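Q: So I've got this file, query-v8.csv, and it contains CSV, C-alpha atoms:
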```csv
chain,number,residue,atom,x,y,z
A,259,ALA,CA,53.4,121.0,35.0
A,260,PRO,CA,50.2,122.1,33.4
A,261,HIS,CA,49.4,125.8,33.3
A,262,GLY,CA,52.7,126.7,34.9
A,263,ARG,CA,51.6,125.5,38.3
A,264,TYR,CA,53.4,123.0,40.5
A,265,ARG,CA,53.4,121.9,44.1
A,266,SER,CA,56.3,120.8,46.3
A,267,VAL,CA,55.7,118.2,49.0
A,268,GLU,CA,58.0,117.9,52.0
A,269,TRP,CA,57.7,115.1,54.6
A,270,ALA,CA,58.4,115.9,58.2
A,271,VAL,CA,60.7,113.0,58.9
A,272,GLY,CA,59.5,110.7,61.8
A,273,THR,CA,56.0,112.1,61.8
A,274,ASP,CA,52.6,111.5,60.0
A,275,TYR,CA,52.7,115.0,58.4
A,276,VAL,CA,53.6,116.4,55.1
A,277,TRP,CA,53.4,120.0,54.0
A,278,THR,CA,52.8,121.3,50.5
A,279,ASN,CA,52.3,124.6,48.9
A,280,ASP,CA,50.3,126.3,46.1
A,281,SER,CA,52.6,128.1,43.7
A,282,SER,CA,50.0,130.7,42.6
A,283,GLU,CA,49.4,131.9,46.2
A,284,ASP,CA,51.6,132.1,49.2
A,285,GLU,CA,49.7,129.4,51.1
A,286,HIS,CA,51.2,126.3,52.7
A,287,TYR,CA,49.3,123.3,53.9
A,288,VAL,CA,50.1,120.9,56.7
A,289,ILE,CA,48.4,117.5,56.0
A,290,ASP,CA,48.1,114.5,58.3
A,291,VAL,CA,48.6,111.6,55.8
A,292,VAL,CA,47.4,108.9,58.2
A,293,ASN,CA,44.0,110.5,58.8
A,294,ALA,CA,43.9,112.2,55.4
A,295,LYS,CA,43.1,115.5,57.0
A,296,LEU,CA,44.2,119.1,56.5
A,297,VAL,CA,45.7,120.2,59.9
A,298,LYS,CA,46.7,123.8,59.2
A,299,THR,CA,46.9,126.4,56.5
A,300,ILE,CA,49.9,128.8,56.7
A,301,THR,CA,49.4,132.1,54.9
A,302,GLY,CA,51.5,135.2,54.3
A,303,ILE,CA,54.9,133.5,54.0
A,304,ALA,CA,56.7,133.2,50.7
A,305,ARG,CA,57.4,129.7,49.4
A,306,SER,CA,61.1,130.3,49.3
A,307,THR,CA,61.4,131.3,52.9
A,308,LEU,CA,60.2,128.0,54.4
A,309,VAL,CA,62.8,125.6,55.6
A,310,SER,CA,62.4,122.0,56.8
A,311,VAL,CA,64.7,121.0,59.6
A,312,GLN,CA,65.4,117.7,61.4
A,313,ASN,CA,65.6,117.8,65.2
A,314,TRP,CA,68.7,115.7,65.7
A,315,ASP,CA,68.6,116.0,69.5
A,316,MET,CA,65.2,114.3,69.5
A,317,VAL,CA,66.4,111.6,67.1
A,318,ARG,CA,69.5,111.0,69.3
A,319,GLU,CA,67.4,110.8,72.5
A,320,SER,CA,65.0,108.4,70.8
A,321,ALA,CA,67.9,106.2,69.7
A,322,GLN,CA,69.3,106.2,73.2
A,323,GLN,CA,66.0,105.2,74.7
A,324,ASP,CA,65.7,102.4,72.2
A,325,ASP,CA,69.2,101.2,73.1
A,326,MET,CA,68.4,101.4,76.9
A,327,MET,CA,65.2,99.4,76.4
A,328,VAL,CA,67.2,96.7,74.5
A,329,GLU,CA,69.7,96.5,77.4
A,330,VAL,CA,67.0,96.3,80.0
A,331,ARG,CA,65.2,93.5,78.2
A,332,ALA,CA,68.5,91.6,77.8
A,333,MET,CA,69.1,92.0,81.6
A,334,GLN,CA,65.6,90.9,82.4
A,335,LYS,CA,66.0,87.8,80.1
A,336,GLN,CA,69.4,87.0,81.7
A,337,ALA,CA,67.9,87.4,85.3
A,338,THR,CA,65.0,85.1,84.3
A,339,GLU,CA,67.3,82.5,83.0
A,340,GLU,CA,69.6,82.6,86.0
A,341,SER,CA,66.7,82.3,88.5
A,342,GLY,CA,65.8,78.9,87.0
A,343,SER,CA,68.9,77.3,88.7
A,344,ALA,CA,69.5,77.3,92.5
A,345,SER,CA,72.6,79.1,93.5
A,346,PRO,CA,74.8,77.3,96.2
A,347,ILE,CA,74.8,80.4,98.4
A,348,GLY,CA,71.0,80.5,98.3
A,349,VAL,CA,70.7,76.8,99.2
A,350,ALA,CA,73.2,77.2,102.1
A,351,ALA,CA,71.3,80.2,103.4
A,352,LEU,CA,68.1,78.2,103.3
A,353,VAL,CA,69.6,75.2,105.2
A,354,ILE,CA,71.1,77.4,107.9
A,355,GLY,CA,67.8,79.3,108.3
A,356,CYS,CA,65.9,76.0,108.7
A,357,PHE,CA,68.4,74.7,111.2
A,358,ALA,CA,68.1,78.0,113.2
A,359,LEU,CA,64.3,77.7,113.2
A,360,LEU,CA,64.5,74.1,114.5
A,361,VAL,CA,66.9,75.1,117.3
A,362,GLY,CA,64.6,78.0,118.3
A,363,ILE,CA,61.5,75.7,118.4
A,364,ALA,CA,63.5,73.1,120.5
A,365,ASN,CA,64.6,75.9,122.9
A,366,LEU,CA,61.0,77.1,123.4
A,367,HIS,CA,59.9,73.5,124.1
A,368,VAL,CA,62.6,72.9,126.7
A,369,LEU,CA,62.0,76.3,128.4
A,370,SER,CA,58.2,75.6,128.6
A,371,ASN,CA,58.8,72.2,130.1
A,372,THR,CA,61.4,73.5,132.6
A,373,LYS,CA,59.0,76.3,133.6
A,374,SER,CA,56.1,74.0,134.2
A,375,SER,CA,58.3,71.5,136.2
A,376,VAL,CA,59.7,74.2,138.4
A,377,SER,CA,56.3,75.6,139.1
A,378,SER,CA,55.0,72.1,140.0
A,379,VAL,CA,58.0,71.6,142.4
A,380,VAL,CA,57.3,74.9,144.1
A,381,LYS,CA,53.6,74.1,144.3
A,382,ALA,CA,54.3,70.6,145.8
A,383,LYS,CA,56.5,72.2,148.5
A,384,PHE,CA,53.8,74.5,149.6
A,385,ASP,CA,51.1,71.9,149.4
A,386,THR,CA,52.9,69.3,151.5
A,387,GLY,CA,54.4,71.6,154.0
A,388,VAL,CA,58.0,70.4,153.4
A,389,PRO,CA,60.5,72.7,155.0
A,390,SER,CA,62.5,74.8,152.5
A,391,ALA,CA,65.9,73.6,153.9
A,392,VAL,CA,65.2,70.0,152.7
A,393,ASP,CA,64.7,70.9,149.0
A,394,THR,CA,66.9,73.9,148.3
A,395,HIS,CA,69.6,72.2,146.3
A,396,PHE,CA,67.8,70.2,143.7
A,397,GLU,CA,69.0,70.1,140.0
A,398,LEU,CA,66.8,70.8,137.1
A,399,ALA,CA,68.8,68.6,134.7
A,400,ALA,CA,65.9,66.4,133.8
A,401,ASP,CA,62.3,66.1,134.7
A,402,ALA,CA,62.9,62.7,136.3
A,403,SER,CA,65.4,64.1,138.9
A,404,VAL,CA,63.0,66.9,139.8
A,405,THR,CA,60.1,64.5,140.2
A,406,SER,CA,62.3,62.0,142.3
A,407,SER,CA,63.5,64.8,144.7
A,408,VAL,CA,59.9,65.8,145.2
A,409,GLN,CA,58.8,62.2,145.9
A,410,LYS,CA,61.7,61.8,148.4
A,411,SER,CA,60.7,64.8,150.3
A,412,LEU,CA,57.1,63.7,150.4
A,413,ALA,CA,58.0,60.3,151.8
```
Just give me the structure as structure tokens.
A:
Amino acid sequence: APHGRYRSVEWAVGTDYVWTNDSSEDEHYVIDVVNAKLVKTITGIARSTLVSVQNWDMVRESAQQDDMMVEVRAMQKQATEESGSASPIGVAALVIGCFALLVGIANLHVLSNTKSSVSSVVKAKFDTGVPSAVDTHFELAADASVTSSVQKSLA
């Protein structure tokens, strides 16, 4: 080195920083190499007492996070690929659900028709003045039988 001066440069692994020193003075410089900027000047410490260390816990945690992200992406990809085909259990559940919905709608329709026919029979009895003993045992099996029993009692 010219004039007996030399500089040592140490890279802080995994960062954008290097530190270097001036052999004539006990000054050390931390430099951001990405932004080409002096970040800090450290004074009053002999060049031989500075030690660079690697934080292995941080490196291990970073590697574990990277491994987890790879696993998560693989599971997402697998789930996306599997969702493209219909599973037999899902199809069966959909068919049973649709059938149950149709049965429920049919029940509502039958109940509403039965309720309206019963109310019309009761109204007819009161309107015509038919005694209650004549029409106490009618069946509600079908609308026709209810209507025919009402017509018989009116005749």
Q: If you measure from atom CA of A:Glu340 to atom CA of A:Met327, what distance in Å do you get, rounded to one decimal?
A: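 Atom-to-atom, atom CA of A:Glu340 and atom CA of A:Met327 are spaced 19.8 Å apart.
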Q: Please, which residues in stretch 313-339 of chain A fall within 12 Å of stretch 343-357 of chain A when counting all atoms listed in the file, and what is the closest atom pair and distance in Å to one decimal for each, ordered by chain then residue number, as CSV?
A:
```
residue,atom,partner,partner_atom,distance
A:Gln336,CA,A:Ser343,CA,12.0
A:Ala337,CA,A:Ser343,CA,10.7
A:Thr338,CA,A:Ser343,CA,9.8
A:Glu339,CA,A:Ser343,CA,7.9
```
Q: May I ask for the distance between atom CA of A:Tyr287 and atom CA of A:Val271, given in Å to one decimal place?
A: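 Atom CA of A:Tyr287 sits 16.2 Å away from atom CA of A:Val271.
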Q: When you draw a straight line from atom CA of A:Lys295 to atom CA of A:Asp315, how long is it in Å?
A: 28.4 Å
Q: Excluding same-chain residues fewer than 5 positions from A:Thr278, what lies within 7 Å of it counting all atoms listed in the file, as a list in words?
A: Arg265, Ser266, Val267, Glu268, His286, Tyr287 and Val288 of chain A
Q: Could you please take those selected residues and save C-alpha atoms as an mmCIF file, keeping the file's coordinate frame?
A:
```
data_model
loop_
_atom_site.group_PDB
_atom_site.id
_atom_site.type_symbol
_atom_site.label_atom_id
_atom_site.label_comp_id
_atom_site.auth_asym_id
_atom_site.auth_seq_id
_atom_site.Cartn_x
_atom_site.Cartn_y
_atom_site.Cartn_z
ATOM 1 C CA ARG A 265 53.400 121.900 44.100
ATOM 2 C CA SER A 266 56.300 120.800 46.300
ATOM 3 C CA VAL A 267 55.700 118.200 49.000
ATOM 4 C CA GLU A 268 58.000 117.900 52.000
ATOM 5 C CA HIS A 286 51.200 126.300 52.700
ATOM 6 C CA TYR A 287 49.300 123.300 53.900
ATOM 7 C CA VAL A 288 50.100 120.900 56.700
#
```
Q: Using only C-alpha atoms, find the one residue out of A:Asn313, A:Ala304, A:Val297, A:Gln322 that sits nearest to A:Glu285.
A: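 Selected residue with least distance to A:Glu285: A:Ala304.
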Q: In terms of the shortest atom-to-atom distance over all atoms listed in the file, which of A:Ser374, A:Thr301, A:Ser310, A:Gln334 is closest to A:Val276?
A: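 Once distances to A:Val276 are computed over all atoms listed in the file, the minimum belongs to A:Ser310.
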Q: Compare A:Val317, A:Ile303, A:Leu296, A:Met326 by their minimum atom-to-atom distance to A:Thr273, counting all atoms listed in the file, and give me the closest one.
A: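 Selected residue with least distance to A:Thr273: A:Val317.
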Q: Restricting the calculation to only C-alpha atoms, which member of A:Leu359, A:Gly272, A:Thr372, A:Asp280 is positioned closest to A:Ser320?
A: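 Among A:Leu359, A:Gly272, A:Thr372, A:Asp280, it is A:Gly272 that comes nearest to A:Ser320.
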